[in-house]
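Undergrad: The following block contains the structure, expressed as structure tokens.
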Amino acid sequence: MTLVVGRTLPGDVGQRQVYVELDGERVATLLDGQTFTGEIAAGAHRLRLDNTLHKKTFEFGAAAGDRVEYRLANTSGRFGLPFLALMGVAPLFLKVERV
């Protein structure tokens with residue numbers, strides 16, 4: 001079984017890293033445009049994504065031969081982009097989709 005986590009959703013502001021944990025173990029640190037691919041065992045798993053401002057946790061099950069894929073982006077709120085452009089700092093949120 002394969003797990004793919006990519007920071008490939010449109011709208012990523014290109015700021016901050018996203019830490020990827022699988023079953024309590026950090027497996028990757030993703031910057032804009034990067035993807036992690038790893039082999040996982042069959043069964044239940046917990047995926048945690050953390051940009052140090054927001055965290056999201058997903059539980060999923062996988063069977064032999066499955067490909068589990070998540071795409072994500074660090075996004076800014078409507079009023080965050082001007083702050084990001086002027087000051088280089090803004091509140092960022094995680095947008096995540098399962099493919």
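By order in the structure tokens, chains are A, B, ...; within a chain, residues start at 1; ligands start at 1, following the order shown.
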Which residues come within 9 Å of A:Phe60, counting only C-alpha atoms, excluding same-chain residues fewer than 5 positions away, as an mmCIF file with C-alpha atoms, in the first residue's frame?

TA:
data_model
loop_
_atom_site.group_PDB
_atom_site.id
_atom_site.type_symbol
_atom_site.label_atom_id
_atom_site.label_comp_id
_atom_site.auth_asym_id
_atom_site.auth_seq_id
_atom_site.Cartn_x
_atom_site.Cartn_y
_atom_site.Cartn_z
ATOM 1 C CA GLY A 43 -4.951 -1.549 8.480
ATOM 2 C CA ALA A 44 -6.041 1.582 10.311
ATOM 3 C CA HIS A 45 -3.825 4.667 10.317
ATOM 4 C CA ARG A 46 -3.819 8.221 11.645
ATOM 5 C CA LEU A 47 -2.408 11.043 9.519
ATOM 6 C CA VAL A 68 -4.218 6.630 -0.265
#

Undergrad: Would you please extract all strand (DSSP E or B) residues from stretch 3-98 of chain A, as assigned by DSSP on the backbone, and give them as a PyMOL selection string?

TA: chain A and resi 3-6+18-22+25-30+35-39+43-50+55-62+67-76+92-98

Undergrad: For A:Arg7, work out the shell of residues within 6 Å, counting only C-alpha atoms and skipping chain neighbours fewer than 3 positions away, then give it as a short mmCIF file (atom, residue, chain, number, x, y, z; two decimals) with all heavy atoms, in the first residue's frame.

TA:
data_model
loop_
_atom_site.label_atom_id
_atom_site.label_comp_id
_atom_site.auth_asym_id
_atom_site.auth_seq_id
_atom_site.Cartn_x
_atom_site.Cartn_y
_atom_site.Cartn_z
N ASP A 32 6.19 24.14 -0.15
CA ASP A 32 5.29 24.31 -1.29
C ASP A 32 5.77 23.49 -2.49
O ASP A 32 6.93 23.54 -2.88
CB ASP A 32 5.24 25.79 -1.67
CG ASP A 32 4.23 26.08 -2.75
OD1 ASP A 32 3.27 25.32 -2.91
OD2 ASP A 32 4.41 27.09 -3.47
N GLY A 33 4.86 22.68 -3.04
CA GLY A 33 5.16 21.89 -4.22
C GLY A 33 5.76 20.52 -3.95
O GLY A 33 5.90 19.72 -4.88
N GLN A 34 6.12 20.21 -2.73
CA GLN A 34 6.75 18.93 -2.42
C GLN A 34 5.71 17.85 -2.13
O GLN A 34 4.60 18.13 -1.70
CB GLN A 34 7.69 19.07 -1.22
CG GLN A 34 8.89 19.93 -1.50
CD GLN A 34 9.83 19.99 -0.31
OE1 GLN A 34 9.41 19.99 0.85
NE2 GLN A 34 11.13 20.06 -0.60
N ARG A 71 -3.97 15.77 -0.75
CA ARG A 71 -3.33 16.98 -1.27
C ARG A 71 -3.67 18.12 -0.32
O ARG A 71 -4.78 18.17 0.22
CB ARG A 71 -3.84 17.30 -2.68
CG ARG A 71 -3.48 16.24 -3.68
CD ARG A 71 -3.88 16.54 -5.09
NE ARG A 71 -4.98 17.48 -5.21
CZ ARG A 71 -5.23 18.21 -6.29
NH1 ARG A 71 -4.46 18.08 -7.35
NH2 ARG A 71 -6.25 19.03 -6.34
N LEU A 72 -2.72 19.02 -0.13
CA LEU A 72 -2.94 20.09 0.84
C LEU A 72 -2.30 21.38 0.38
O LEU A 72 -1.51 21.41 -0.57
CB LEU A 72 -2.38 19.68 2.21
CG LEU A 72 -0.89 19.41 2.28
CD1 LEU A 72 -0.20 20.52 3.04
CD2 LEU A 72 -0.64 18.08 2.93
N ALA A 73 -2.68 22.46 1.08
CA ALA A 73 -2.11 23.78 0.82
C ALA A 73 -2.17 24.59 2.11
O ALA A 73 -3.09 24.44 2.90
CB ALA A 73 -2.88 24.50 -0.28
#

Undergrad: If I take atom CA of A:Glu25 and atom CA of A:Asn51, how far is one from the other in Å, to one decimal?

TA: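 Between atom CA of A:Glu25 and atom CA of A:Asn51 the gap works out to 15.6 Å.
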
Undergrad: Give me, please, the distance in Å between atom CA of A:Glu21 and atom CA of A:Arg48, quoted to one decimal.

TA: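 For atom CA of A:Glu21 relative to atom CA of A:Arg48, the distance reads 5.0 Å.
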
Undergrad: Show me, as JSON, numbers by chain, the residues that have an atom within 12 Å of A:Gly65 when counting only C-alpha atoms, minus same-chain residues fewer than 4 positions from it.

TA: {"A": [1, 2, 3, 39, 40, 41, 42, 43]}

Undergrad: Determine the nearest neighbour of A:Gly6 from the options A:Thr29, A:Asp50, A:Tyr70, A:Glu97, counting only C-alpha atoms.

TA: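 Among the listed residues, the smallest separation from A:Gly6 belongs to A:Tyr70.
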
Undergrad: Env of A:Leu94: 7 Å cut, atoms = only C-alpha atoms, seq-sep filter 2 positions within chain, self excluded. Answer as a PyMOL selection string.

TA: chain A and resi 54+72-75+92+96

Undergrad: Store the residues picked out above in a file with all heavy atoms, as a PDB file, in the first residue's frame.

TA:
ATOM      1  N   HIS A  54      -1.982  25.552  12.654  1.00  0.00           N
ATOM      2  CA  HIS A  54      -3.178  24.711  12.611  1.00  0.00           C
ATOM      3  C   HIS A  54      -2.776  23.262  12.405  1.00  0.00           C
ATOM      4  O   HIS A  54      -1.807  22.974  11.701  1.00  0.00           O
ATOM      5  CB  HIS A  54      -4.111  25.158  11.476  1.00  0.00           C
ATOM      6  CG  HIS A  54      -4.780  26.445  11.756  1.00  0.00           C
ATOM      7  ND1 HIS A  54      -4.266  27.641  11.349  1.00  0.00           N
ATOM      8  CD2 HIS A  54      -5.915  26.733  12.435  1.00  0.00           C
ATOM      9  CE1 HIS A  54      -5.049  28.617  11.749  1.00  0.00           C
ATOM     10  NE2 HIS A  54      -6.062  28.094  12.426  1.00  0.00           N
ATOM     11  N   LEU A  72      -2.722  19.018  -0.128  1.00  0.00           N
ATOM     12  CA  LEU A  72      -2.937  20.085   0.836  1.00  0.00           C
ATOM     13  C   LEU A  72      -2.304  21.380   0.376  1.00  0.00           C
ATOM     14  O   LEU A  72      -1.513  21.410  -0.565  1.00  0.00           O
ATOM     15  CB  LEU A  72      -2.381  19.683   2.205  1.00  0.00           C
ATOM     16  CG  LEU A  72      -0.887  19.411   2.277  1.00  0.00           C
ATOM     17  CD1 LEU A  72      -0.197  20.520   3.044  1.00  0.00           C
ATOM     18  CD2 LEU A  72      -0.639  18.079   2.927  1.00  0.00           C
ATOM     19  N   ALA A  73      -2.676  22.463   1.079  1.00  0.00           N
ATOM     20  CA  ALA A  73      -2.109  23.780   0.824  1.00  0.00           C
ATOM     21  C   ALA A  73      -2.170  24.592   2.106  1.00  0.00           C
ATOM     22  O   ALA A  73      -3.093  24.443   2.903  1.00  0.00           O
ATOM     23  CB  ALA A  73      -2.881  24.498  -0.283  1.00  0.00           C
ATOM     24  N   ASN A  74      -1.183  25.439   2.306  1.00  0.00           N
ATOM     25  CA  ASN A  74      -1.228  26.470   3.334  1.00  0.00           C
ATOM     26  C   ASN A  74      -1.914  27.667   2.691  1.00  0.00           C
ATOM     27  O   ASN A  74      -1.419  28.213   1.705  1.00  0.00           O
ATOM     28  CB  ASN A  74       0.192  26.876   3.778  1.00  0.00           C
ATOM     29  CG  ASN A  74       0.626  26.182   5.030  1.00  0.00           C
ATOM     30  OD1 ASN A  74      -0.170  25.628   5.770  1.00  0.00           O
ATOM     31  ND2 ASN A  74       1.913  26.198   5.273  1.00  0.00           N
ATOM     32  N   THR A  75      -3.057  28.055   3.222  1.00  0.00           N
ATOM     33  CA  THR A  75      -3.804  29.159   2.634  1.00  0.00           C
ATOM     34  C   THR A  75      -3.974  30.280   3.649  1.00  0.00           C
ATOM     35  O   THR A  75      -3.864  30.067   4.857  1.00  0.00           O
ATOM     36  CB  THR A  75      -5.193  28.697   2.163  1.00  0.00           C
ATOM     37  OG1 THR A  75      -5.932  28.213   3.284  1.00  0.00           O
ATOM     38  CG2 THR A  75      -5.080  27.611   1.108  1.00  0.00           C
ATOM     39  N   LEU A  92      -2.182  31.410   8.782  1.00  0.00           N
ATOM     40  CA  LEU A  92      -2.320  30.463   7.674  1.00  0.00           C
ATOM     41  C   LEU A  92      -3.157  29.271   8.119  1.00  0.00           C
ATOM     42  O   LEU A  92      -3.083  28.836   9.257  1.00  0.00           O
ATOM     43  CB  LEU A  92      -0.944  29.981   7.207  1.00  0.00           C
ATOM     44  CG  LEU A  92      -0.010  31.054   6.668  1.00  0.00           C
ATOM     45  CD1 LEU A  92       1.336  30.450   6.313  1.00  0.00           C
ATOM     46  CD2 LEU A  92      -0.611  31.753   5.465  1.00  0.00           C
ATOM     47  N   VAL A  96      -7.113  20.742   3.056  1.00  0.00           N
ATOM     48  CA  VAL A  96      -6.732  19.355   2.761  1.00  0.00           C
ATOM     49  C   VAL A  96      -7.856  18.662   2.004  1.00  0.00           C
ATOM     50  O   VAL A  96      -9.022  18.814   2.363  1.00  0.00           O
ATOM     51  CB  VAL A  96      -6.420  18.568   4.058  1.00  0.00           C
ATOM     52  CG1 VAL A  96      -5.983  17.152   3.733  1.00  0.00           C
ATOM     53  CG2 VAL A  96      -5.385  19.282   4.901  1.00  0.00           C
TER      54      VAL A  96
END

Undergrad: Pick out each residue of chain A that DSSP on the backbone tags as helix (DSSP H, G or I); I need them as a PyMOL selection string.

TA: chain A and resi 80-87
